[in-house]
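To be precise, the following lines are run.cif, and they hold mmCIF, C-alpha atoms and all ligand atoms.
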data_protein
loop_
_atom_site.label_atom_id
_atom_site.label_comp_id
_atom_site.auth_asym_id
_atom_site.auth_seq_id
_atom_site.Cartn_x
_atom_site.Cartn_y
_atom_site.Cartn_z
CA MET A 1 0.00 0.00 0.00
CA LYS A 2 2.79 2.39 0.94
CA ILE A 3 4.56 1.71 -2.35
CA MET A 4 1.41 2.50 -4.33
CA LYS A 5 0.92 5.74 -2.45
CA LYS A 6 4.53 6.75 -3.11
CA LYS A 7 4.08 6.01 -6.80
CA LEU A 8 0.98 8.17 -6.97
CA LEU A 9 2.74 10.98 -5.15
CA SER A 10 5.74 10.79 -7.53
CA PHE A 11 3.42 10.86 -10.53
CA PHE A 12 1.66 13.90 -9.07
CA LEU A 13 4.97 15.70 -8.54
CA ILE A 14 6.09 14.90 -12.09
CA CYS A 15 2.82 16.41 -13.31
CA LEU A 16 3.50 19.57 -11.31
CA PHE A 17 6.90 20.00 -12.95
CA TRP A 18 6.27 18.79 -16.48
CA GLY A 19 2.53 19.13 -16.87
CA CYS A 20 0.32 16.20 -17.80
CA SER A 21 -2.19 15.66 -20.56
CA GLU A 22 -5.83 15.94 -19.63
CA SER A 23 -6.32 12.19 -19.82
CA SER A 24 -3.43 11.57 -17.40
CA THR A 25 -4.90 14.05 -14.93
CA THR A 26 -8.25 12.34 -15.16
CA ALA A 27 -6.54 9.00 -14.59
CA ILE A 28 -4.92 10.35 -11.44
CA GLN A 29 -8.17 11.76 -10.12
CA GLU A 30 -9.93 8.46 -10.67
CA THR A 31 -7.10 6.48 -9.10
CA THR A 32 -6.87 8.70 -6.04
CA GLU A 33 -10.57 8.14 -5.36
CA ILE A 34 -9.67 4.62 -4.21
CA ASP A 35 -9.10 4.63 -0.49
CA LEU A 36 -6.47 1.95 -0.06
CA ASN A 37 -6.94 1.93 3.70
CA LYS A 38 -10.62 1.15 3.54
CA VAL A 39 -11.41 -2.46 4.45
CA TYR A 40 -14.69 -3.93 3.22
CA LYS A 41 -16.15 -6.68 5.38
CA TRP A 42 -18.63 -8.96 3.67
CA ASN A 43 -20.64 -11.95 4.80
CA MET A 44 -21.19 -14.89 2.48
CA VAL A 45 -24.08 -17.28 3.09
CA THR A 46 -24.06 -20.69 1.44
CA THR A 47 -26.36 -23.62 0.81
CA TRP A 48 -23.63 -26.10 1.89
CA PRO A 49 -22.31 -27.37 5.20
CA LYS A 50 -19.28 -25.29 6.28
CA ASN A 51 -16.06 -26.41 4.52
CA TYR A 52 -17.92 -29.11 2.60
CA PRO A 53 -15.59 -30.71 -0.02
CA GLY A 54 -15.94 -29.21 -3.48
CA LEU A 55 -19.11 -27.14 -3.05
CA GLY A 56 -18.28 -25.56 0.29
CA ARG A 57 -14.59 -25.29 -0.48
CA ALA A 58 -15.40 -23.08 -3.47
CA ALA A 59 -16.88 -20.48 -1.12
CA GLU A 60 -13.81 -20.65 1.14
CA ASN A 61 -11.51 -20.36 -1.88
CA LEU A 62 -13.34 -17.30 -3.15
CA SER A 63 -12.82 -15.66 0.22
CA LYS A 64 -9.13 -16.64 0.26
CA TYR A 65 -8.35 -15.47 -3.28
CA VAL A 66 -10.15 -12.15 -2.82
CA ASP A 67 -8.28 -11.56 0.43
CA GLU A 68 -4.91 -12.33 -1.19
CA MET A 69 -5.50 -10.33 -4.36
CA SER A 70 -6.94 -7.31 -2.56
CA ASN A 71 -4.15 -7.27 0.03
CA GLY A 72 -6.78 -7.69 2.74
CA ARG A 73 -9.01 -4.82 1.55
CA LEU A 74 -12.01 -7.11 1.02
CA LYS A 75 -12.65 -9.65 3.76
CA ILE A 76 -15.33 -12.29 3.16
CA LYS A 77 -16.59 -14.34 6.09
CA VAL A 78 -18.17 -17.61 4.95
CA TYR A 79 -21.20 -19.08 6.72
CA GLY A 80 -22.32 -22.67 6.23
CA ALA A 81 -25.98 -23.54 5.69
CA GLY A 82 -28.02 -22.72 8.80
CA GLU A 83 -25.30 -20.62 10.46
CA MET A 84 -26.77 -17.29 9.38
CA VAL A 85 -29.72 -18.38 7.23
CA PRO A 86 -31.07 -21.81 6.23
CA ALA A 87 -29.79 -23.22 2.92
CA MET A 88 -32.97 -22.51 1.02
CA GLU A 89 -33.03 -18.82 2.10
CA VAL A 90 -29.66 -17.84 0.63
CA PHE A 91 -31.16 -16.20 -2.46
CA ASP A 92 -33.56 -14.01 -0.44
CA ALA A 93 -30.94 -13.09 2.16
CA VAL A 94 -28.53 -11.76 -0.48
CA SER A 95 -31.35 -10.18 -2.47
CA ARG A 96 -32.45 -8.05 0.48
CA GLY A 97 -28.86 -7.33 1.56
CA ALA A 98 -28.83 -9.30 4.83
CA ALA A 99 -25.60 -10.81 3.45
CA GLN A 100 -23.48 -9.28 0.69
CA LEU A 101 -22.98 -12.50 -1.23
CA GLY A 102 -23.98 -16.12 -1.43
CA HIS A 103 -22.93 -19.45 -2.88
CA GLY A 104 -25.40 -22.11 -3.98
CA ALA A 105 -27.10 -23.60 -7.03
CA SER A 106 -29.44 -21.44 -9.10
CA TYR A 107 -31.96 -24.25 -9.72
CA TYR A 108 -32.92 -24.18 -6.03
CA TRP A 109 -34.81 -20.98 -6.88
CA THR A 110 -37.01 -22.20 -9.75
CA GLY A 111 -40.04 -21.75 -7.45
CA LYS A 112 -39.56 -17.97 -7.58
CA LEU A 113 -37.73 -17.65 -10.90
CA LYS A 114 -38.19 -20.33 -13.54
CA SER A 115 -35.27 -19.24 -15.67
CA SER A 116 -32.82 -19.88 -12.82
CA GLN A 117 -32.95 -23.55 -13.85
CA PHE A 118 -30.84 -22.96 -16.94
CA PHE A 119 -27.82 -21.70 -15.04
CA THR A 120 -27.32 -24.92 -13.10
CA ALA A 121 -28.34 -27.73 -15.44
CA VAL A 122 -31.01 -28.87 -17.85
CA PRO A 123 -31.80 -32.59 -18.09
CA PHE A 124 -30.04 -34.07 -21.12
CA GLY A 125 -28.40 -30.65 -21.51
CA LEU A 126 -24.86 -29.29 -21.57
CA THR A 127 -21.70 -30.75 -20.06
CA ALA A 128 -19.37 -28.71 -17.82
CA GLN A 129 -17.17 -27.68 -20.71
CA GLU A 130 -20.22 -26.74 -22.77
CA ILE A 131 -22.11 -24.75 -20.12
CA ASN A 132 -18.96 -22.80 -19.26
CA SER A 133 -18.71 -21.89 -22.93
CA TRP A 134 -22.36 -20.86 -23.10
CA ILE A 135 -22.09 -18.69 -19.98
CA HIS A 136 -18.78 -17.03 -20.86
CA TRP A 137 -18.81 -16.98 -24.66
CA GLY A 138 -22.38 -17.72 -25.74
CA GLY A 139 -24.42 -14.96 -24.11
CA GLY A 140 -25.40 -16.91 -20.99
CA GLN A 141 -23.81 -14.44 -18.53
CA GLU A 142 -25.75 -11.48 -19.96
CA LEU A 143 -29.03 -13.42 -19.78
CA TRP A 144 -28.28 -14.54 -16.22
CA GLU A 145 -27.68 -10.93 -15.18
CA GLU A 146 -30.93 -9.87 -16.85
CA ALA A 147 -32.89 -12.63 -15.10
CA TYR A 148 -31.44 -11.79 -11.66
CA ALA A 149 -31.62 -7.97 -12.00
CA PRO A 150 -35.19 -7.71 -10.58
CA PHE A 151 -33.89 -9.49 -7.47
CA ASN A 152 -31.10 -6.99 -6.94
CA LEU A 153 -28.51 -9.68 -7.60
CA ILE A 154 -25.41 -10.01 -9.76
CA PRO A 155 -24.59 -13.67 -10.58
CA PHE A 156 -21.32 -15.37 -11.49
CA ALA A 157 -20.57 -19.01 -12.25
CA GLY A 158 -18.93 -20.34 -9.08
CA GLY A 159 -17.95 -23.93 -9.74
CA ASN A 160 -18.96 -27.02 -11.65
CA THR A 161 -19.34 -30.61 -10.50
CA GLY A 162 -18.97 -32.25 -13.92
CA VAL A 163 -21.38 -35.08 -14.81
CA GLN A 164 -23.24 -36.19 -11.71
CA MET A 165 -24.61 -39.62 -10.75
CA ALA A 166 -28.27 -40.62 -11.22
CA GLY A 167 -28.41 -41.28 -7.49
CA TRP A 168 -28.81 -43.73 -4.63
CA PHE A 169 -31.67 -46.23 -4.60
CA LYS A 170 -32.74 -48.69 -1.95
CA LYS A 171 -33.94 -51.10 -4.62
CA GLU A 172 -32.91 -51.95 -8.16
CA ILE A 173 -34.37 -50.05 -11.09
CA ASN A 174 -34.92 -52.55 -13.89
CA SER A 175 -37.86 -50.95 -15.67
CA LEU A 176 -40.08 -47.88 -15.70
CA ASP A 177 -42.45 -49.69 -13.35
CA ASP A 178 -39.81 -49.55 -10.65
CA LEU A 179 -40.10 -45.75 -10.61
CA LYS A 180 -43.80 -45.84 -9.73
CA GLY A 181 -44.44 -44.56 -6.24
CA LEU A 182 -40.72 -44.14 -5.55
CA LYS A 183 -40.06 -41.25 -3.16
CA MET A 184 -36.94 -39.44 -4.31
CA ARG A 185 -34.97 -36.34 -3.41
CA ILE A 186 -34.29 -34.74 -6.77
CA PRO A 187 -34.49 -30.94 -7.31
CA GLY A 188 -35.55 -28.67 -10.15
CA LEU A 189 -36.92 -29.83 -13.46
CA ALA A 190 -35.55 -33.32 -12.99
CA GLY A 191 -37.93 -33.67 -10.04
CA GLU A 192 -40.87 -32.77 -12.27
CA ILE A 193 -39.72 -35.26 -14.91
CA PHE A 194 -39.35 -38.00 -12.33
CA SER A 195 -42.81 -37.21 -10.98
CA ARG A 196 -44.31 -37.67 -14.43
CA ALA A 197 -42.55 -40.99 -14.70
CA GLY A 198 -44.56 -42.00 -11.63
CA ALA A 199 -42.23 -41.10 -8.75
CA GLU A 200 -42.92 -38.76 -5.87
CA THR A 201 -40.23 -36.11 -5.54
CA VAL A 202 -39.04 -33.84 -2.75
CA LEU A 203 -36.52 -31.03 -2.42
CA LEU A 204 -34.18 -31.31 0.56
CA PRO A 205 -30.84 -29.65 1.24
CA GLY A 206 -27.89 -32.05 1.07
CA SER A 207 -27.42 -32.24 4.82
CA ASP A 208 -30.97 -33.61 5.31
CA ILE A 209 -30.71 -36.44 2.79
CA PHE A 210 -28.98 -39.08 4.94
CA LEU A 211 -31.57 -38.98 7.70
CA ALA A 212 -34.47 -38.95 5.24
CA LEU A 213 -33.06 -42.07 3.55
CA GLN A 214 -32.30 -43.75 6.85
CA GLN A 215 -35.76 -43.10 8.30
CA GLY A 216 -37.50 -44.20 5.11
CA VAL A 217 -38.97 -40.76 4.39
CA ILE A 218 -37.46 -41.20 0.92
CA ASP A 219 -36.47 -44.33 -1.07
CA ALA A 220 -33.91 -42.68 -3.29
CA ALA A 221 -31.85 -39.52 -3.57
CA GLU A 222 -29.52 -37.84 -5.96
CA TRP A 223 -26.85 -35.55 -4.60
CA VAL A 224 -23.71 -35.01 -6.66
CA GLY A 225 -21.23 -37.78 -7.41
CA PRO A 226 -18.83 -40.16 -5.65
CA PHE A 227 -16.51 -37.50 -4.17
CA ASN A 228 -19.37 -35.75 -2.34
CA ASP A 229 -21.69 -38.69 -1.84
CA LEU A 230 -19.02 -40.66 0.02
CA THR A 231 -18.64 -37.86 2.59
CA PHE A 232 -22.38 -37.96 3.40
CA GLY A 233 -22.27 -41.75 3.85
CA PHE A 234 -25.27 -42.57 1.65
CA HIS A 235 -23.78 -46.05 1.07
CA GLN A 236 -24.78 -46.88 4.65
CA VAL A 237 -28.48 -46.38 3.89
CA ALA A 238 -28.89 -47.33 0.21
CA ASP A 239 -27.30 -50.23 -1.71
CA TYR A 240 -27.59 -49.22 -5.35
CA TYR A 241 -25.70 -46.40 -6.97
CA TYR A 242 -26.91 -45.50 -10.45
CA TYR A 243 -25.38 -43.65 -13.40
CA PRO A 244 -25.41 -41.65 -15.65
CA GLY A 245 -26.62 -38.36 -14.17
CA TRP A 246 -29.04 -37.72 -17.04
CA HIS A 247 -30.42 -34.70 -15.21
CA GLU A 248 -27.11 -32.97 -14.44
CA GLY A 249 -24.49 -33.26 -17.16
CA GLY A 250 -22.25 -30.58 -15.64
CA SER A 251 -23.93 -28.54 -12.96
CA THR A 252 -22.85 -24.97 -12.48
CA LEU A 253 -22.83 -23.51 -8.98
CA GLU A 254 -23.43 -19.81 -8.49
CA ILE A 255 -21.97 -16.86 -6.66
CA ILE A 256 -24.62 -14.22 -6.13
CA ILE A 257 -23.78 -10.69 -5.03
CA ASN A 258 -26.08 -8.01 -3.70
CA LYS A 259 -26.13 -5.27 -6.31
CA GLU A 260 -25.66 -2.33 -3.93
CA ALA A 261 -22.80 -4.10 -2.17
CA TYR A 262 -21.07 -4.77 -5.50
CA SER A 263 -21.66 -1.21 -6.73
CA SER A 264 -20.12 0.17 -3.54
CA LEU A 265 -16.76 -1.45 -4.35
CA PRO A 266 -14.00 0.44 -6.16
CA ASP A 267 -13.31 -0.86 -9.67
CA ASP A 268 -10.23 -2.85 -8.73
CA LEU A 269 -12.11 -4.82 -6.05
CA LYS A 270 -14.99 -5.42 -8.45
CA ALA A 271 -12.51 -6.93 -10.91
CA ILE A 272 -10.90 -9.00 -8.16
CA VAL A 273 -14.26 -10.49 -7.16
CA LYS A 274 -15.15 -11.20 -10.78
CA TYR A 275 -11.90 -12.95 -11.66
CA ALA A 276 -11.67 -14.79 -8.34
CA ALA A 277 -15.11 -16.22 -9.19
CA ARG A 278 -13.78 -17.32 -12.55
CA ALA A 279 -10.84 -19.07 -10.90
CA VAL A 280 -13.09 -20.78 -8.34
CA ASN A 281 -15.42 -21.92 -11.13
CA GLN A 282 -12.67 -23.85 -12.93
CA GLU A 283 -10.98 -25.05 -9.78
CA MET A 284 -14.05 -26.86 -8.49
CA LEU A 285 -14.34 -28.89 -11.69
CA ASP A 286 -10.67 -29.80 -11.37
CA GLU A 287 -11.22 -30.90 -7.77
CA TYR A 288 -14.10 -33.21 -8.73
CA THR A 289 -12.27 -34.61 -11.73
CA ALA A 290 -9.26 -35.41 -9.56
CA ASN A 291 -11.25 -37.08 -6.76
CA ASN A 292 -14.30 -38.84 -8.22
CA ASN A 293 -12.77 -42.10 -9.32
CA ARG A 294 -10.85 -42.62 -6.07
CA ALA A 295 -14.10 -42.14 -4.15
CA LEU A 296 -16.06 -44.44 -6.45
CA THR A 297 -13.44 -47.17 -6.07
CA GLU A 298 -13.71 -46.88 -2.29
CA LEU A 299 -17.52 -47.04 -2.43
CA VAL A 300 -17.48 -50.20 -4.54
CA GLU A 301 -14.44 -52.03 -3.20
CA VAL A 302 -14.50 -51.08 0.49
CA HIS A 303 -18.20 -50.48 1.11
CA GLY A 304 -19.63 -53.01 -1.35
CA VAL A 305 -21.86 -50.55 -3.17
CA GLU A 306 -23.70 -51.99 -6.18
CA LEU A 307 -22.91 -49.80 -9.18
CA ARG A 308 -25.60 -49.89 -11.87
CA LYS A 309 -26.40 -48.15 -15.14
CA LEU A 310 -30.00 -47.00 -15.63
CA PRO A 311 -31.63 -49.19 -18.31
CA ASP A 312 -31.74 -47.60 -21.79
CA ASP A 313 -35.55 -47.71 -21.97
CA VAL A 314 -35.78 -45.80 -18.68
CA LEU A 315 -33.34 -43.17 -19.98
CA ILE A 316 -35.17 -42.87 -23.30
CA GLU A 317 -38.50 -42.38 -21.52
CA LEU A 318 -36.99 -39.79 -19.17
CA ARG A 319 -35.63 -37.95 -22.22
CA ARG A 320 -39.06 -38.01 -23.89
CA ILE A 321 -40.76 -36.67 -20.75
CA SER A 322 -37.99 -34.12 -20.39
CA GLU A 323 -38.73 -32.61 -23.82
CA GLU A 324 -42.43 -32.44 -22.94
CA VAL A 325 -41.70 -30.84 -19.57
CA MET A 326 -39.32 -28.26 -21.07
CA GLU A 327 -41.96 -27.08 -23.52
CA GLU A 328 -44.52 -26.61 -20.77
CA PHE A 329 -41.97 -25.11 -18.43
CA ILE A 330 -41.06 -22.19 -20.67
CA LYS A 331 -44.61 -21.60 -21.95
CA ASP A 332 -46.04 -18.23 -20.84
CA ASP A 333 -42.70 -17.18 -19.34
CA GLU A 334 -40.96 -14.74 -21.65
CA MET A 335 -37.62 -14.73 -19.84
CA ALA A 336 -37.47 -18.52 -19.53
CA THR A 337 -38.31 -18.87 -23.25
CA LYS A 338 -35.64 -16.38 -24.24
CA ILE A 339 -32.98 -18.11 -22.13
CA TYR A 340 -33.96 -21.61 -23.17
CA ASN A 341 -33.81 -20.63 -26.84
CA SER A 342 -30.29 -19.32 -26.33
CA TYR A 343 -29.31 -22.46 -24.37
CA LEU A 344 -30.81 -24.78 -26.99
CA ALA A 345 -29.24 -23.00 -29.96
CA PHE A 346 -25.86 -23.16 -28.22
CA LYS A 347 -26.34 -26.84 -27.41
CA GLN A 348 -27.22 -27.73 -30.98
CA ASP A 349 -24.18 -25.89 -32.20
CA VAL A 350 -21.67 -27.20 -29.68
CA ILE A 351 -22.70 -30.87 -29.78
CA GLN A 352 -22.29 -30.88 -33.54
CA TYR A 353 -18.59 -30.18 -33.13
CA HIS A 354 -18.27 -32.35 -30.02
CA GLU A 355 -19.46 -35.32 -32.11
CA ILE A 356 -16.16 -35.24 -33.97
CA SER A 357 -13.99 -33.91 -31.11
CA GLU A 358 -14.69 -34.83 -27.43
CA LYS A 359 -17.02 -37.75 -28.19
CA ALA A 360 -14.93 -39.17 -31.03
CA PHE A 361 -11.78 -38.82 -28.95
CA ILE A 362 -13.24 -40.61 -25.91
CA GLU A 363 -14.59 -43.40 -28.11
CA MET A 364 -11.26 -43.69 -29.88
CA ARG A 365 -9.47 -44.36 -26.59
CA ASP A 366 -11.69 -47.41 -26.11
CA LEU A 367 -11.06 -48.94 -29.54
CA GLU A 368 -10.13 -52.60 -29.35
CA GLU A 369 -7.58 -54.23 -31.66
CA CA B 401 -27.47 -33.06 -8.02
#
Could you write out this structure as structure tokens?
Amino acid sequence: MKIMKKKLLSFFLICLFWGCSESSTTAIQETTEIDLNKVYKWNMVTTWPKNYPGLGRAAENLSKYVDEMSNGRLKIKVYGAGEMVPAMEVFDAVSRGAAQLGHGASYYWTGKLKSSQFFTAVPFGLTAQEINSWIHWGGGQELWEEAYAPFNLIPFAGGNTGVQMAGWFKKEINSLDDLKGLKMRIPGLAGEIFSRAGAETVLLPGSDIFLALQQGVIDAAEWVGPFNDLTFGFHQVADYYYYPGWHEGGSTLEIIINKEAYSSLPDDLKAIVKYAARAVNQEMLDEYTANNNRALTELVEVHGVELRKLPDDVLIELRRISEEVMEEFIKDDEMATKIYNSYLAFKQDVIQYHEISEKAFIEMRDLEE
């Protein structure tokens, strides 16, 4: 800080002696408006248990990176779910300014804002690589900001889990009939799709799933994938672990910031928050990619979990219902229609190339002699 002040002073003295152009003077005036001694103290509420691997760590990392990059000028205190507000009240708390920022998943808020669904995941939708491209290069960020503006919120992508698992089931799923009457924790649109396939769905925060499964309140639950699911111990209360996560092909987490709080920051701190979010977004995906297979191996080999793939006819039916549900979901909602059209156009475009790149490459690695 002292060095920066000295530099500014020297520049000012040089201007006195040599004169500066108008633009340089303006630059100095703007720069000197930043009070380098002012410390901003923010609270961050999250929908995750404190320090939870992957999801919760992203919030802690954001706080750490912002602290380091701002030289301690912006301090962010992270609260786990229930410490300041319950998990499902994070959106409202940040919206009304009770906390300056939050970390969660946008699809938890579809009850108040349908279009929030698109910024986490759409069943049979985009992968992590693809949704990051849509958000950052395909117009998704601008649409997200537009959708959240009425709630006084500025959103950023804040992590990605990669492809999730279909979930934990107490009994085997061999046909569509096995879904009938099944009580499952599965949020967002996927819950609606599962309901139409005959299941009964509920929305619970992650920390409530274990008990609900154990007490028989639910028969099945999806959470994330092996790395996270192992930590919650679902293998102790359900035997079957199904893939693929048809409903979450690469779920984006979100960082939401109260608009007034963000506007009150000087430009350099705004940039620090924005780029720290970008770093956290990629880092979470790296963390999951590095840890998932180790966790899955432990679940299967140490805990005897039965790994199963959902039957093709079940997946095909879920995809059919999904298309039907999407059409109804966006109907009569201008913002949701606008965002879904953008999402869909991007998907059609990106999967065309991924046919001959990512998909062809992965298939090529499996070629047998
Ligand atoms: Ca999930």
Checklist entry - Nearest to Gly56 of chain A: which of A:His103, A:Arg196, A:Arg320, A:Lys347 is it, counting all atoms listed in the file? => result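 Of A:His103, A:Arg196, A:Arg320, A:Lys347, the one nearest Gly56 of chain A is A:His103, counting all atoms listed in the file.
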Dump the neighbourhood of ligand CA 401 (chain B) as a PDB file with C-alpha atoms, in the frame of the given file: all residues within 10 Å, distances computed on all atoms listed in the file.
ATOM      1  CA  ALA A 105     -27.100 -23.600  -7.030  1.00  0.00           C
ATOM      2  CA  THR A 120     -27.320 -24.920 -13.100  1.00  0.00           C
ATOM      3  CA  ALA A 121     -28.340 -27.730 -15.440  1.00  0.00           C
ATOM      4  CA  THR A 161     -19.340 -30.610 -10.500  1.00  0.00           C
ATOM      5  CA  VAL A 163     -21.380 -35.080 -14.810  1.00  0.00           C
ATOM      6  CA  GLN A 164     -23.240 -36.190 -11.710  1.00  0.00           C
ATOM      7  CA  MET A 165     -24.610 -39.620 -10.750  1.00  0.00           C
ATOM      8  CA  ALA A 166     -28.270 -40.620 -11.220  1.00  0.00           C
ATOM      9  CA  GLY A 167     -28.410 -41.280  -7.490  1.00  0.00           C
ATOM     10  CA  ARG A 185     -34.970 -36.340  -3.410  1.00  0.00           C
ATOM     11  CA  ILE A 186     -34.290 -34.740  -6.770  1.00  0.00           C
ATOM     12  CA  PRO A 187     -34.490 -30.940  -7.310  1.00  0.00           C
ATOM     13  CA  GLY A 188     -35.550 -28.670 -10.150  1.00  0.00           C
ATOM     14  CA  ALA A 190     -35.550 -33.320 -12.990  1.00  0.00           C
ATOM     15  CA  GLY A 206     -27.890 -32.050   1.070  1.00  0.00           C
ATOM     16  CA  ALA A 221     -31.850 -39.520  -3.570  1.00  0.00           C
ATOM     17  CA  GLU A 222     -29.520 -37.840  -5.960  1.00  0.00           C
ATOM     18  CA  TRP A 223     -26.850 -35.550  -4.600  1.00  0.00           C
ATOM     19  CA  VAL A 224     -23.710 -35.010  -6.660  1.00  0.00           C
ATOM     20  CA  GLY A 225     -21.230 -37.780  -7.410  1.00  0.00           C
ATOM     21  CA  GLY A 245     -26.620 -38.360 -14.170  1.00  0.00           C
ATOM     22  CA  HIS A 247     -30.420 -34.700 -15.210  1.00  0.00           C
ATOM     23  CA  GLU A 248     -27.110 -32.970 -14.440  1.00  0.00           C
ATOM     24  CA  GLY A 249     -24.490 -33.260 -17.160  1.00  0.00           C
ATOM     25  CA  GLY A 250     -22.250 -30.580 -15.640  1.00  0.00           C
ATOM     26  CA  SER A 251     -23.930 -28.540 -12.960  1.00  0.00           C
TER      27      SER A 251
END
Checklist entry - For Trp137 of chain A, which residue out of A:Phe119, A:Tyr288, A:Phe346, A:Tyr262 is the nearest one, using all atoms listed in the file? => result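 Among A:Phe119, A:Tyr288, A:Phe346, A:Tyr262, it is A:Phe346 that comes nearest to Trp137 of chain A.
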Next on the checklist: Restricting the calculation to all atoms listed in the file: of A:Val39, A:Leu143, A:Val302, A:Leu55, which residue gets closest to Asn341 of chain A?
Outcome noted: A:Leu143
Checklist entry - What does the distance between atom CA of Gly159 of chain A and atom CA of Val85 of chain A come to in Å, to one decimal place? => result 21.4 Å
Next on the checklist: One decimal, in Å: what's the spacing between atom CA of Ile209 of chain A and atom CA of His235 of chain A?
Outcome noted: 12.0 Å
Would you kindly return, as a PDB file with C-alpha atoms, keeping the file's coordinate frame, each protein, DNA or RNA residue with an atom no farther than 10 Å from any atom of Asp313 of chain A, considering only C-alpha atoms and excluding same-chain residues fewer than 6 positions away?
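File around_6.pdb, as written:
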ATOM      1  CA  ASN A 174     -34.920 -52.550 -13.890  1.00  0.00           C
ATOM      2  CA  SER A 175     -37.860 -50.950 -15.670  1.00  0.00           C
ATOM      3  CA  LEU A 176     -40.080 -47.880 -15.700  1.00  0.00           C
ATOM      4  CA  ARG A 319     -35.630 -37.950 -22.220  1.00  0.00           C
TER       5      ARG A 319
END
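Atom pair atom CA of Ser70 of chain A / atom CA of Met284 of chain A: separated by 21.6 Å.
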Checklist entry - Leaving out Ile257 of chain A and any residue of its chain fewer than 6 positions from it, which residues lie within 10 Å of it when counting all atoms listed in the file, given as a ChimeraX atom specification? => result /A:44,91,94-95,97,99-103,152-156,263,273
Axis-aligned box over every listed atom of segment 214-217 of chain A, padded by 6 Å per side: centre and edges in Å to one decimal, as JSON?
{"center_x": -35.6, "center_y": -42.5, "center_z": 6.3, "size_x": 18.7, "size_y": 15.4, "size_z": 15.9}
Checklist entry - Got a sec: who's within 12 Å of Val300 of chain A, counting all atoms listed in the file, leaving out chain neighbours fewer than 4 positions off, as number ranges by chain? => result A: 226, 230, 235, 239-241, 293-296, 304-308
Emit the selected residues as a PDB file, in the frame of the given file, including C-alpha atoms.
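Below is the file selection_10.pdb, written as the result:
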ATOM      1  CA  PRO A 226     -18.830 -40.160  -5.650  1.00  0.00           C
ATOM      2  CA  LEU A 230     -19.020 -40.660   0.020  1.00  0.00           C
ATOM      3  CA  HIS A 235     -23.780 -46.050   1.070  1.00  0.00           C
ATOM      4  CA  ASP A 239     -27.300 -50.230  -1.710  1.00  0.00           C
ATOM      5  CA  TYR A 240     -27.590 -49.220  -5.350  1.00  0.00           C
ATOM      6  CA  TYR A 241     -25.700 -46.400  -6.970  1.00  0.00           C
ATOM      7  CA  ASN A 293     -12.770 -42.100  -9.320  1.00  0.00           C
ATOM      8  CA  ARG A 294     -10.850 -42.620  -6.070  1.00  0.00           C
ATOM      9  CA  ALA A 295     -14.100 -42.140  -4.150  1.00  0.00           C
ATOM     10  CA  LEU A 296     -16.060 -44.440  -6.450  1.00  0.00           C
ATOM     11  CA  GLY A 304     -19.630 -53.010  -1.350  1.00  0.00           C
ATOM     12  CA  VAL A 305     -21.860 -50.550  -3.170  1.00  0.00           C
ATOM     13  CA  GLU A 306     -23.700 -51.990  -6.180  1.00  0.00           C
ATOM     14  CA  LEU A 307     -22.910 -49.800  -9.180  1.00  0.00           C
ATOM     15  CA  ARG A 308     -25.600 -49.890 -11.870  1.00  0.00           C
TER      16      ARG A 308
END
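When only C-alpha atoms are used to compute distances to Tyr353 of chain A, the closest of the residues A:Glu130, A:Leu265, A:Asp35, A:Ile316 turns out to be A:Glu130.
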Item to check | Closest of A:Trp134, A:Glu83, A:Asp92, A:Tyr52 to Ile339 of chain A - atom-to-atom distances counting only C-alpha atoms | outcome: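 When distances to Ile339 of chain A are compared using only C-alpha atoms, the smallest one comes from A:Trp134.
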Next on the checklist: Given the point (-15.9, -34.8, -3.0) in the file's coordinates, find the residues that have an atom at most 6 Å from it, counting all atoms listed in the file, and give them as number ranges by chain.
Outcome noted: A: 53-54, 227-228
Item to check | Residue nearest Gln129 of chain A - candidates A:Pro244, A:Gly162, A:Gly233, A:Gly216, atoms counted: only C-alpha atoms | outcome: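 Comparing A:Pro244, A:Gly162, A:Gly233, A:Gly216 against Gln129 of chain A, the winner is A:Gly162.
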